[in-house]
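Trainee: Next comes the structure file upload_38.tsv, holding TSV, C-alpha atoms (C1' of nucleotides) and all ligand atoms.
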```tsv
chain	number	residue	atom	x	y	z
A	13	MET	CA	0.00	0.00	0.00
A	14	GLU	CA	1.22	3.47	-0.77
A	15	THR	CA	1.89	6.09	1.79
A	16	THR	CA	0.05	9.30	1.02
A	17	GLU	CA	1.08	12.73	2.18
A	18	MET	CA	-1.85	12.68	4.59
A	19	ASP	CA	-0.64	9.37	6.07
A	20	GLN	CA	2.79	10.83	6.66
A	21	ILE	CA	1.32	13.88	8.29
A	22	ARG	CA	-0.91	11.68	10.48
A	23	SER	CA	2.15	9.74	11.71
A	24	ARG	CA	4.02	12.90	12.29
A	25	LEU	CA	1.20	14.28	14.42
A	26	GLU	CA	0.65	11.07	16.36
A	27	ASP	CA	4.36	10.70	17.05
A	28	HIS	CA	4.05	13.98	18.90
A	29	GLY	CA	0.87	13.10	20.79
A	30	TYR	CA	-1.44	14.99	18.47
A	31	ARG	CA	-4.51	13.52	16.78
A	32	LEU	CA	-5.42	13.98	13.15
A	33	THR	CA	-8.98	15.11	13.73
A	34	PRO	CA	-11.44	15.76	10.88
A	35	GLN	CA	-10.93	19.48	11.35
A	36	ARG	CA	-7.17	19.17	11.12
A	37	MET	CA	-7.51	16.99	8.06
A	38	ARG	CA	-9.64	19.60	6.31
A	39	ILE	CA	-7.06	22.26	7.10
A	40	VAL	CA	-4.18	20.14	5.84
A	41	GLU	CA	-6.16	19.39	2.68
A	42	ALA	CA	-6.64	23.07	2.06
A	43	VAL	CA	-2.92	23.72	2.43
A	44	LEU	CA	-2.04	20.83	0.12
A	45	ALA	CA	-4.64	21.81	-2.47
A	46	GLU	CA	-3.14	25.28	-2.82
A	47	GLU	CA	0.46	24.15	-2.58
A	48	ASP	CA	2.00	27.05	-4.44
A	49	LYS	CA	-0.19	29.68	-2.81
A	50	HIS	CA	0.64	31.37	0.45
A	51	LEU	CA	-2.53	31.14	2.47
A	52	SER	CA	-3.27	33.07	5.63
A	53	ALA	CA	-5.26	31.58	8.51
A	54	ASP	CA	-8.21	33.61	7.37
A	55	ASP	CA	-7.83	32.46	3.75
A	56	ILE	CA	-8.07	28.88	4.96
A	57	TYR	CA	-10.98	29.68	7.24
A	58	THR	CA	-12.83	31.24	4.32
A	59	ILE	CA	-12.14	28.28	2.04
A	60	LEU	CA	-13.33	25.78	4.63
A	61	ARG	CA	-16.40	27.78	5.41
A	62	GLU	CA	-18.06	26.70	2.17
A	63	ASN	CA	-18.18	23.01	2.96
A	64	HIS	CA	-17.45	22.98	6.66
A	65	PRO	CA	-19.02	26.04	8.26
A	66	GLU	CA	-18.74	24.44	11.69
A	67	ILE	CA	-14.95	24.81	11.87
A	68	GLY	CA	-13.89	27.73	14.03
A	69	ILE	CA	-11.14	30.19	13.23
A	70	ALA	CA	-9.40	29.35	16.52
A	71	THR	CA	-8.99	25.77	15.33
A	72	VAL	CA	-7.41	26.99	12.14
A	73	TYR	CA	-4.88	29.03	14.09
A	74	ARG	CA	-4.22	26.19	16.53
A	75	THR	CA	-3.69	23.69	13.74
A	76	LEU	CA	-1.36	25.93	11.76
A	77	GLU	CA	0.71	26.44	14.89
A	78	ILE	CA	1.08	22.68	15.33
A	79	LEU	CA	1.90	22.16	11.65
A	80	ARG	CA	4.52	24.83	11.91
A	81	GLU	CA	5.96	23.32	15.10
A	82	LEU	CA	6.30	19.98	13.32
A	83	GLY	CA	7.82	21.55	10.24
A	84	ILE	CA	4.94	20.52	8.02
A	85	VAL	CA	4.33	24.09	6.93
A	86	ASN	CA	6.54	27.14	6.74
A	87	GLN	CA	5.24	30.31	8.25
A	88	LEU	CA	6.15	33.43	6.35
A	89	THR	CA	5.19	37.04	6.08
A	90	PHE	CA	5.24	39.49	3.22
A	91	GLU	CA	5.07	42.47	5.58
A	92	GLU	CA	1.35	42.97	5.43
A	93	GLY	CA	0.87	42.13	9.08
A	94	VAL	CA	-0.46	38.64	8.37
A	95	SER	CA	1.22	35.27	8.64
A	96	ARG	CA	1.08	33.10	5.56
A	97	TYR	CA	1.75	29.40	5.29
A	98	GLU	CA	3.07	27.06	2.63
A	99	TYR	CA	3.52	23.31	2.55
A	100	SER	CA	7.14	22.72	3.44
A	101	ALA	CA	7.75	19.52	1.43
A	102	ARG	CA	8.60	21.49	-1.67
A	103	GLU	CA	11.84	22.59	-3.20
A	104	HIS	CA	13.43	25.23	-1.01
A	105	HIS	CA	12.82	28.60	-2.58
A	106	HIS	CA	12.67	32.34	-2.12
A	107	HIS	CA	10.21	35.09	-3.00
A	108	LEU	CA	9.94	38.08	-5.23
A	109	VAL	CA	7.10	40.29	-3.99
A	110	CYS	CA	5.25	43.10	-5.77
A	111	LEU	CA	4.81	46.03	-3.40
A	112	LYS	CA	1.76	47.26	-5.28
A	113	CYS	CA	-0.44	44.24	-5.97
A	114	GLY	CA	1.13	41.67	-3.67
A	115	LYS	CA	1.94	39.22	-6.45
A	116	VAL	CA	4.54	36.66	-5.35
A	117	ILE	CA	6.98	34.88	-7.63
A	118	GLU	CA	9.04	31.99	-6.33
A	119	PHE	CA	12.62	31.31	-7.33
A	120	SER	CA	15.49	29.12	-6.22
A	121	ASN	CA	19.12	29.85	-5.54
A	122	ASP	CA	21.70	27.30	-4.48
A	123	GLU	CA	24.49	29.69	-3.59
A	124	LEU	CA	22.83	30.67	-0.36
A	125	GLU	CA	23.48	27.28	1.20
A	126	ARG	CA	27.19	27.93	0.92
A	127	LEU	CA	26.82	31.38	2.42
A	128	GLU	CA	24.88	29.83	5.28
A	129	GLN	CA	27.77	27.54	6.17
A	130	LYS	CA	30.29	30.30	5.92
A	131	LEU	CA	28.35	32.48	8.34
A	132	ALA	CA	27.67	29.58	10.69
A	133	ARG	CA	31.41	29.13	11.11
A	134	LYS	CA	32.19	32.81	11.31
A	135	TYR	CA	29.64	33.66	14.00
A	136	ASP	CA	29.36	30.29	15.74
A	137	PHE	CA	25.67	30.10	14.91
A	138	GLN	CA	23.72	26.92	14.38
A	139	ILE	CA	21.71	27.98	11.36
A	140	VAL	CA	18.41	26.25	10.75
A	141	GLY	CA	17.09	28.20	7.81
A	142	HIS	CA	17.14	31.30	5.72
A	143	HIS	CA	14.87	33.33	3.56
A	144	LEU	CA	15.60	35.84	0.87
A	145	LYS	CA	12.91	38.26	-0.15
A	146	LEU	CA	13.15	40.70	-3.03
A	147	TYR	CA	10.77	43.63	-3.24
A	148	GLY	CA	9.73	45.57	-6.26
A	149	TYR	CA	7.05	46.12	-8.85
A	150	CYS	CA	5.77	43.48	-11.22
A	151	SER	CA	5.42	44.04	-14.96
A	152	LEU	CA	1.83	45.21	-14.55
A	153	CYS	CA	2.43	47.54	-11.63
A	154	GLN	CA	5.66	49.34	-12.46
B	8	MET	CA	29.21	75.35	7.84
B	9	GLU	CA	28.91	71.62	7.97
B	10	THR	CA	25.78	69.75	7.15
B	11	THR	CA	24.78	67.41	9.92
B	12	GLU	CA	22.63	64.35	9.54
B	13	MET	CA	19.83	66.20	11.25
B	14	ASP	CA	20.10	69.06	8.75
B	15	GLN	CA	19.81	66.63	5.89
B	16	ILE	CA	16.81	65.00	7.46
B	17	ARG	CA	15.21	68.38	8.05
B	18	SER	CA	15.59	69.27	4.35
B	19	ARG	CA	14.27	65.93	3.35
B	20	LEU	CA	11.18	66.42	5.48
B	21	GLU	CA	10.60	70.01	4.39
B	22	ASP	CA	10.99	69.09	0.73
B	23	HIS	CA	7.99	66.88	1.26
B	24	GLY	CA	5.93	69.40	3.18
B	25	TYR	CA	6.71	67.98	6.61
B	26	ARG	CA	8.06	69.96	9.53
B	27	LEU	CA	10.88	68.87	11.75
B	28	THR	CA	9.09	69.41	15.05
B	29	PRO	CA	10.78	68.98	18.43
B	30	GLN	CA	9.03	65.63	18.84
B	31	ARG	CA	10.24	64.41	15.48
B	32	MET	CA	13.72	65.57	16.26
B	33	ARG	CA	13.74	63.61	19.52
B	34	ILE	CA	12.61	60.50	17.67
B	35	VAL	CA	15.24	60.88	14.96
B	36	GLU	CA	17.86	61.40	17.65
B	37	ALA	CA	16.87	58.17	19.33
B	38	VAL	CA	17.15	56.28	16.06
B	39	LEU	CA	20.56	57.82	15.30
B	40	ALA	CA	21.84	57.22	18.82
B	41	GLU	CA	21.14	53.51	18.57
B	42	GLU	CA	22.24	53.19	14.95
B	43	ASP	CA	23.10	49.52	15.04
B	44	LYS	CA	20.12	48.51	17.13
B	45	HIS	CA	16.75	47.63	15.70
B	46	LEU	CA	14.30	49.64	17.75
B	47	SER	CA	10.55	49.12	17.81
B	48	ALA	CA	8.12	52.02	18.13
B	49	ASP	CA	7.63	51.04	21.72
B	50	ASP	CA	11.38	50.88	22.38
B	51	ILE	CA	11.66	54.46	21.17
B	52	TYR	CA	8.64	55.53	23.17
B	53	THR	CA	10.19	54.04	26.30
B	54	ILE	CA	13.53	55.72	25.68
B	55	LEU	CA	11.94	59.13	25.11
B	56	ARG	CA	9.73	58.76	28.13
B	57	GLU	CA	12.64	59.44	30.47
B	58	ASN	CA	13.37	62.94	29.29
B	59	HIS	CA	10.27	63.73	27.30
B	60	PRO	CA	7.28	62.12	28.98
B	61	GLU	CA	4.92	64.40	27.06
B	62	ILE	CA	5.52	62.67	23.70
B	63	GLY	CA	2.69	60.34	22.78
B	64	ILE	CA	3.08	56.88	21.31
B	65	ALA	CA	0.91	57.90	18.35
B	66	THR	CA	3.46	60.53	17.41
B	67	VAL	CA	6.20	57.92	17.49
B	68	TYR	CA	4.25	55.72	15.09
B	69	ARG	CA	3.37	58.63	12.84
B	70	THR	CA	6.94	59.85	12.69
B	71	LEU	CA	8.37	56.42	11.94
B	72	GLU	CA	5.88	56.06	9.11
B	73	ILE	CA	7.06	59.36	7.59
B	74	LEU	CA	10.72	58.45	8.02
B	75	ARG	CA	10.04	55.15	6.31
B	76	GLU	CA	8.16	56.83	3.48
B	77	LEU	CA	11.11	59.14	2.89
B	78	GLY	CA	13.59	56.30	3.06
B	79	ILE	CA	15.30	57.66	6.15
B	80	VAL	CA	14.71	54.47	8.08
B	81	ASN	CA	14.22	50.88	7.01
B	82	GLN	CA	11.31	49.01	8.50
B	83	LEU	CA	12.00	45.38	9.24
B	84	THR	CA	10.60	42.51	11.18
B	85	PHE	CA	12.18	39.53	12.84
B	86	GLU	CA	8.90	37.65	12.95
B	87	GLU	CA	7.94	38.60	16.47
B	88	GLY	CA	4.92	40.55	15.33
B	89	VAL	CA	6.59	43.93	15.83
B	90	SER	CA	8.08	46.31	13.31
B	91	ARG	CA	11.62	47.41	13.95
B	92	TYR	CA	13.48	50.33	12.43
B	93	GLU	CA	17.07	51.12	11.57
B	94	TYR	CA	18.73	54.21	10.16
B	95	SER	CA	19.02	53.59	6.44
B	96	ALA	CA	22.19	55.57	5.73
B	97	ARG	CA	24.38	52.63	6.61
B	98	GLU	CA	26.07	49.97	4.57
B	99	HIS	CA	23.45	47.68	3.11
B	100	HIS	CA	23.40	44.51	5.16
B	101	HIS	CA	21.47	41.41	6.16
B	102	HIS	CA	20.62	39.72	9.44
B	103	LEU	CA	21.36	36.57	11.32
B	104	VAL	CA	18.72	36.07	14.02
B	105	CYS	CA	18.77	33.82	17.09
B	106	LEU	CA	15.43	32.09	17.44
B	107	LYS	CA	15.89	31.68	21.17
B	108	CYS	CA	17.15	34.99	22.54
B	109	GLY	CA	16.49	37.28	19.61
B	110	LYS	CA	20.11	38.32	19.19
B	111	VAL	CA	20.75	39.86	15.78
B	112	ILE	CA	24.06	39.83	13.91
B	113	GLU	CA	24.52	41.94	10.81
B	114	PHE	CA	26.51	40.88	7.80
B	115	SER	CA	27.06	42.00	4.22
B	116	ASN	CA	27.02	40.15	0.95
B	117	ASP	CA	27.70	41.67	-2.45
B	118	GLU	CA	26.62	38.73	-4.58
B	119	LEU	CA	22.96	39.45	-3.98
B	120	GLU	CA	23.05	42.60	-6.07
B	121	ARG	CA	23.92	40.52	-9.10
B	122	LEU	CA	21.17	38.04	-8.34
B	123	GLU	CA	18.77	40.94	-8.08
B	124	GLN	CA	19.56	42.09	-11.60
B	125	LYS	CA	19.29	38.60	-12.98
B	126	LEU	CA	15.82	38.13	-11.52
B	127	ALA	CA	14.70	41.59	-12.58
B	128	ARG	CA	15.38	40.63	-16.19
B	129	LYS	CA	13.95	37.16	-15.93
B	130	TYR	CA	10.63	38.16	-14.37
B	131	ASP	CA	10.34	41.71	-15.70
B	132	PHE	CA	10.28	43.09	-12.17
B	133	GLN	CA	11.52	46.49	-11.14
B	134	ILE	CA	13.32	45.50	-7.97
B	135	VAL	CA	13.75	48.14	-5.30
B	136	GLY	CA	15.29	46.12	-2.50
B	137	HIS	CA	15.95	42.80	-0.95
B	138	HIS	CA	16.57	41.29	2.42
B	139	LEU	CA	18.15	38.04	3.45
B	140	LYS	CA	17.48	36.68	6.90
B	141	LEU	CA	19.16	33.64	8.39
B	142	TYR	CA	17.63	31.92	11.39
B	143	GLY	CA	19.32	29.77	13.96
B	144	TYR	CA	20.76	29.62	17.43
B	145	CYS	CA	23.60	31.77	18.68
B	146	SER	CA	26.61	30.36	20.50
B	147	LEU	CA	24.95	30.83	23.88
B	148	CYS	CA	21.58	29.37	22.95
B	149	GLN	CA	22.38	26.34	20.84
C	8	DT	C1'	4.36	91.49	16.05
C	9	DT	C1'	-0.50	89.89	14.56
C	10	DC	C1'	-3.40	87.11	11.85
C	11	DC	C1'	-4.54	83.16	9.33
C	12	DT	C1'	-4.09	78.79	7.33
C	13	DT	C1'	-2.28	74.37	7.75
C	14	DA	C1'	0.35	70.88	10.09
C	15	DT	C1'	0.96	68.47	14.20
C	16	DT	C1'	0.00	66.85	18.59
C	17	DG	C1'	-1.70	63.73	22.68
C	18	DA	C1'	-5.40	61.11	24.34
C	19	DT	C1'	-8.19	57.74	23.41
C	20	DA	C1'	-11.21	54.91	20.63
C	21	DA	C1'	-11.13	51.59	17.04
C	22	DC	C1'	-9.12	48.04	14.44
C	23	DG	C1'	-7.37	43.52	12.88
C	24	DA	C1'	-4.72	39.54	13.69
C	25	DT	C1'	-3.85	36.33	17.01
C	26	DT	C1'	-4.21	34.00	21.50
C	27	DC	C1'	-6.63	32.67	25.61
C	28	DT	C1'	-10.47	30.72	28.39
C	29	DC	C1'	-13.76	27.47	29.25
C	30	DA	C1'	-17.49	24.41	29.06
C	31	DA	C1'	-18.98	20.89	25.84
C	32	DT	C1'	-17.66	17.25	22.75
C	33	DT	C1'	-14.72	13.82	20.74
C	34	DT	C1'	-11.14	10.55	20.73
C	35	DC	C1'	-8.75	6.49	21.98
C	36	DA	C1'	-6.97	3.04	24.91
C	37	DT	C1'	-8.73	0.19	28.21
D	5	DA	C1'	-18.99	0.81	27.46
D	6	DT	C1'	-15.92	3.79	30.46
D	7	DG	C1'	-12.84	7.36	31.74
D	8	DA	C1'	-8.84	10.19	31.08
D	9	DA	C1'	-6.95	13.24	27.94
D	10	DA	C1'	-7.20	15.89	23.77
D	11	DT	C1'	-9.80	18.90	21.00
D	12	DT	C1'	-13.31	21.86	19.78
D	13	DG	C1'	-16.18	26.41	18.88
D	14	DA	C1'	-17.59	30.68	20.79
D	15	DG	C1'	-16.38	34.55	22.47
D	16	DA	C1'	-13.42	37.39	25.45
D	17	DA	C1'	-8.92	39.22	25.80
D	18	DT	C1'	-4.51	40.86	24.09
D	19	DC	C1'	-1.39	43.43	21.48
D	20	DG	C1'	0.54	46.24	17.91
D	21	DT	C1'	-0.99	49.66	15.12
D	22	DT	C1'	-4.10	53.16	12.99
D	23	DA	C1'	-7.92	56.51	13.01
D	24	DT	C1'	-10.46	60.32	15.16
D	25	DC	C1'	-10.74	64.74	17.03
D	26	DA	C1'	-10.30	68.82	19.58
D	27	DA	C1'	-6.43	71.60	21.13
D	28	DT	C1'	-1.94	73.51	20.07
D	29	DA	C1'	2.07	74.91	17.39
D	30	DA	C1'	4.36	76.47	13.25
D	31	DG	C1'	5.31	79.44	9.51
D	32	DG	C1'	4.21	82.82	6.04
D	33	DA	C1'	1.80	87.20	4.81
D	34	DA	C1'	0.57	91.60	6.22
E	1	MN	MN	6.61	30.08	-1.55
E	2	MN	MN	20.44	45.92	10.73
E	3	ZN	ZN	2.14	44.00	-9.05
E	4	ZN	ZN	20.61	33.29	21.28
```
Translate this file's structure into structure tokens.
Mentor:
Amino acid sequence: METTEMDQIRSRLEDHGYRLTPQRMRIVEAVLAEEDKHLSADDIYTILRENHPEIGIATVYRTLEILRELGIVNQLTFEEGVSRYEYSAREHHHHLVCLKCGKVIEFSNDELERLEQKLARKYDFQIVGHHLKLYGYCSLCQ
Amino acid sequence: METTEMDQIRSRLEDHGYRLTPQRMRIVEAVLAEEDKHLSADDIYTILRENHPEIGIATVYRTLEILRELGIVNQLTFEEGVSRYEYSAREHHHHLVCLKCGKVIEFSNDELERLEQKLARKYDFQIVGHHLKLYGYCSLCQ
DNA sequence: TTCCTTATTGATAACGATTCTCAATTTCAT
DNA sequence: ATGAAATTGAGAATCGTTATCAATAAGGAA
């Protein structure tokens, strides 16, 4: 039998004493369904509302916090005062953000891994991650 | 006569129809005095409180917003849900942040300017800035 | 100076995102 | 089925930030 992403996430949760409740499953589904988007808690709440109006916003926040703790999602912010989340089992990447319309383009860059190691040595830091954000105006907004 | 930083900032403000009021001057002074720190609005408010208890927190926020608009300070966030500010007339740099104690180390990297241009061409973006943040644990916290 | 227009201020209310509280419900191992 | 522990939804609370507004300050013209 194959192991689906949801199975892996279930194990991950249970290994840490958490249960994969129906509500949590719906939230994970929403994140997986919009893999390349960067959904906020409220975005997810709004999406779920359609078919599952009984789920509360507090549960969405609580679940995202657990998913983040377990490294299942990355929490990021594009300086709008809202946290956004993306499924973490994707190629590591960075973001190019339009300051006018908020459009986000993803890109990769290998060189930063080397820089990370160099700085770890230099400053005696144990580095666990990095994120490069570029700001500007997209073709439509400039 | 020499042109001080404050003079330059005054011109900058007046060119845009803003006045350099005593309150604004106190706030700019605080930012300049702690050049390499990353002060929040509340940090500044607390500092000013000692000698200028009449300044309101709203004025601090308003002033920082103007300084940001004019490019006199950079607004940044280390994902604690608070905006922090630094005097922008410094060498362009990036940040290494300790996830435990919040310690911030600054570092520079020239290569990113080239990357910026490459991406600008590739995605037809007019890039106005970028910021690299590395996360980890400092020597004391790891 | 005096007058007038406009900018700025401090206090405080309002806001929006997030977290907390708590009683009710669900889950899971027994 | 039973009971302990986890989870839930609703709503209150929190916290950083922004908006409102009447009072004050600033700067230019007379
Ligand atoms: Mn992304
Ligand atoms: Mn800095
Ligand atoms: Zn755009
Ligand atoms: Zn530390």
Trainee: Extract, using only C-alpha atoms (C1' of nucleotides), all DNA, RNA and protein residues at most 8 Å from region 25-36 of chain C, discarding same-chain residues fewer than 2 positions from it, and format them as a ChimeraX atom specification.
Mentor: /A:73 /D:10-12,16-18
Trainee: How would the residues just chosen look if you wrote them out with C-alpha atoms (C1' of nucleotides) as a compact mmCIF listing (two decimals), in the coordinates of the input?
Mentor:
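Written out: again06.txt:
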```txt
# COMPACT_ATOMS: atom_id res chain seq x y z
CA TYR A 73 -4.88 29.03 14.09
C1' DA D 10 -7.20 15.89 23.77
C1' DT D 11 -9.80 18.90 21.00
C1' DT D 12 -13.31 21.86 19.78
C1' DA D 16 -13.42 37.39 25.45
C1' DA D 17 -8.92 39.22 25.80
C1' DT D 18 -4.51 40.86 24.09
```
Trainee: Could you list the protein, DNA and RNA residues that have any atom within 9 Å of ligand ZN 3 (chain E), counting all atoms listed in the file, and write them as an mmCIF file with C-alpha atoms, keeping the file's coordinate frame?
Mentor:
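Printed below is selection_6.cif as written:
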```cif
data_model
loop_
_atom_site.group_PDB
_atom_site.id
_atom_site.type_symbol
_atom_site.label_atom_id
_atom_site.label_comp_id
_atom_site.auth_asym_id
_atom_site.auth_seq_id
_atom_site.Cartn_x
_atom_site.Cartn_y
_atom_site.Cartn_z
ATOM 1 C CA VAL A 109 7.100 40.290 -3.990
ATOM 2 C CA CYS A 110 5.250 43.100 -5.770
ATOM 3 C CA LEU A 111 4.810 46.030 -3.400
ATOM 4 C CA LYS A 112 1.760 47.260 -5.280
ATOM 5 C CA CYS A 113 -0.440 44.240 -5.970
ATOM 6 C CA GLY A 114 1.130 41.670 -3.670
ATOM 7 C CA LYS A 115 1.940 39.220 -6.450
ATOM 8 C CA VAL A 116 4.540 36.660 -5.350
ATOM 9 C CA GLY A 148 9.730 45.570 -6.260
ATOM 10 C CA TYR A 149 7.050 46.120 -8.850
ATOM 11 C CA CYS A 150 5.770 43.480 -11.220
ATOM 12 C CA SER A 151 5.420 44.040 -14.960
ATOM 13 C CA LEU A 152 1.830 45.210 -14.550
ATOM 14 C CA CYS A 153 2.430 47.540 -11.630
ATOM 15 C CA GLN A 154 5.660 49.340 -12.460
ATOM 16 C CA PHE B 132 10.280 43.090 -12.170
#
```
Trainee: Taking all atoms of region 23-33 of chain C that appear in the file, build a box with edges along x, y and z, extend it by 6 Å on every side, and state its centre and edge lengths in Å to one decimal, as JSON.
Mentor:
```
{"center_x": -11.4, "center_y": 28.7, "center_z": 21.1, "size_x": 27.1, "size_y": 41.7, "size_z": 28.4}
```
Trainee: Just want the residues within 10 Å of ligand MN 1 (chain E), written as a list in words, counting all atoms listed in the file.
Mentor: Glu47, Asp48, Lys49, His50, Asn86, Gln87, Leu88, Arg96, Tyr97, Glu98, Tyr99, Ser100, Arg102, Glu103, His104, His105, His106, His107, Leu108, Val116, Ile117, Glu118 and Phe119 of chain A
Trainee: Have a look at CA of Leu141 (chain B) and CA of Leu119 (chain B) and let me know their distance in Å, one decimal.
Mentor: 14.2 Å
Trainee: Using only C-alpha atoms (C1' of nucleotides), list the residues that have an atom at most 9 Å from (-2.3, 79.2, 7.5), coordinates as in the file, as a VMD selection string.
Mentor: (chain C and resid 11 to 13) or (chain D and resid 31 to 32)
Trainee: For the atom pair CA of Lys140 (chain B) and CA of Leu74 (chain B), what is the interatomic distance in Å to one decimal place?
Mentor: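 CA of Leu74 (chain B) lies at a distance of 22.8 Å from CA of Lys140 (chain B).
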Trainee: Using only C-alpha atoms (C1' of nucleotides) and a cut-off of 9 Å, which residues of chain C sit close to chain B? Please list them as a ChimeraX atom specification.
Mentor: /C:14-18
Trainee: Give as number ranges by chain every residue, naming chains and numbers as the document does, that has an atom within 8 Å of (6.1, 50.2, 16.7), counting all atoms listed in the file.
Mentor: B: 47-50, 67-68, 89-91; D: 20-21
Trainee: Provide the CA of Tyr57 (chain A) to CA of Ser23 (chain A) distance in Å, to one decimal place.
Mentor: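 Those two atoms sit 24.3 Å apart.
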Trainee: Taking into account only C-alpha atoms (C1' of nucleotides), which residue in the set D:DT6, D:DA14, D:DA33, D:DT24 is nearest to chain A?
Mentor: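 Checking each of D:DT6, D:DA14, D:DA33, D:DT24 against chain A, counting only C-alpha atoms (C1' of nucleotides), the winner is D:DA14.
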Trainee: Ranking A:Gln20, A:Thr75, A:Asn63, A:Thr15 by minimum distance to chain D and counting all atoms listed in the file, which one comes first?
Mentor: A:Thr75
Trainee: My list of candidates is B:Asp14, B:Glu36, B:Glu87, B:Asp131. Which is closest to chain D when distances are computed with all atoms listed in the file?
Mentor: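 Of B:Asp14, B:Glu36, B:Glu87, B:Asp131, the one nearest chain D, counting all atoms listed in the file, is B:Glu87.
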Trainee: Taking only C-alpha atoms into account, name the residue in A:Arg133, A:His142, A:Arg22, A:Arg126 that is nearest to chain B.
Mentor: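 The answer is A:His142, which sits nearest to chain B.
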Trainee: Which one is closest to ligand MN 2 (chain E): B:Leu122, B:Ile73, B:Val135, B:Ala96? Count all atoms listed in the file.
Mentor: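 Checking each candidate against ligand MN 2 (chain E), we get B:Ala96 as the closest.
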Trainee: Using the block above, I'd like region 44-56 of chain A written out, keeping N, CA, C and O atoms and formatting it as a compact mmCIF listing (two decimals), in the first residue's frame.
Mentor:
```txt
# COMPACT_ATOMS: atom_id res chain seq x y z
N LEU A 44 -2.58 21.64 1.20
CA LEU A 44 -2.04 20.83 0.12
C LEU A 44 -2.66 21.20 -1.22
O LEU A 44 -1.98 21.21 -2.26
N ALA A 45 -3.94 21.50 -1.22
CA ALA A 45 -4.64 21.81 -2.47
C ALA A 45 -4.11 23.09 -3.11
O ALA A 45 -4.13 23.23 -4.33
N GLU A 46 -3.63 24.00 -2.29
CA GLU A 46 -3.14 25.28 -2.82
C GLU A 46 -1.65 25.38 -2.58
O GLU A 46 -1.13 26.41 -2.16
N GLU A 47 -0.95 24.29 -2.91
CA GLU A 47 0.46 24.15 -2.58
C GLU A 47 1.33 25.36 -2.90
O GLU A 47 2.18 25.74 -2.12
N ASP A 48 1.12 25.95 -4.05
CA ASP A 48 2.00 27.05 -4.44
C ASP A 48 1.46 28.42 -4.02
O ASP A 48 2.07 29.44 -4.31
N LYS A 49 0.33 28.42 -3.33
CA LYS A 49 -0.19 29.68 -2.81
C LYS A 49 0.46 29.93 -1.45
O LYS A 49 1.20 29.09 -0.93
N HIS A 50 0.14 31.04 -0.88
CA HIS A 50 0.64 31.37 0.45
C HIS A 50 -0.58 31.83 1.23
O HIS A 50 -0.89 33.01 1.27
N LEU A 51 -1.26 30.87 1.81
CA LEU A 51 -2.53 31.14 2.47
C LEU A 51 -2.37 31.67 3.89
O LEU A 51 -1.51 31.21 4.63
N SER A 52 -3.22 32.60 4.26
CA SER A 52 -3.27 33.07 5.63
C SER A 52 -4.29 32.21 6.38
O SER A 52 -5.07 31.48 5.76
N ALA A 53 -4.29 32.32 7.71
CA ALA A 53 -5.26 31.58 8.51
C ALA A 53 -6.67 31.92 8.04
O ALA A 53 -7.53 31.05 7.89
N ASP A 54 -6.88 33.19 7.78
CA ASP A 54 -8.21 33.61 7.37
C ASP A 54 -8.57 33.10 5.97
O ASP A 54 -9.72 32.78 5.70
N ASP A 55 -7.59 33.03 5.08
CA ASP A 55 -7.83 32.46 3.75
C ASP A 55 -8.36 31.04 3.91
O ASP A 55 -9.34 30.65 3.27
N ILE A 56 -7.69 30.27 4.75
CA ILE A 56 -8.07 28.88 4.96
C ILE A 56 -9.46 28.80 5.59
O ILE A 56 -10.30 28.00 5.16
```
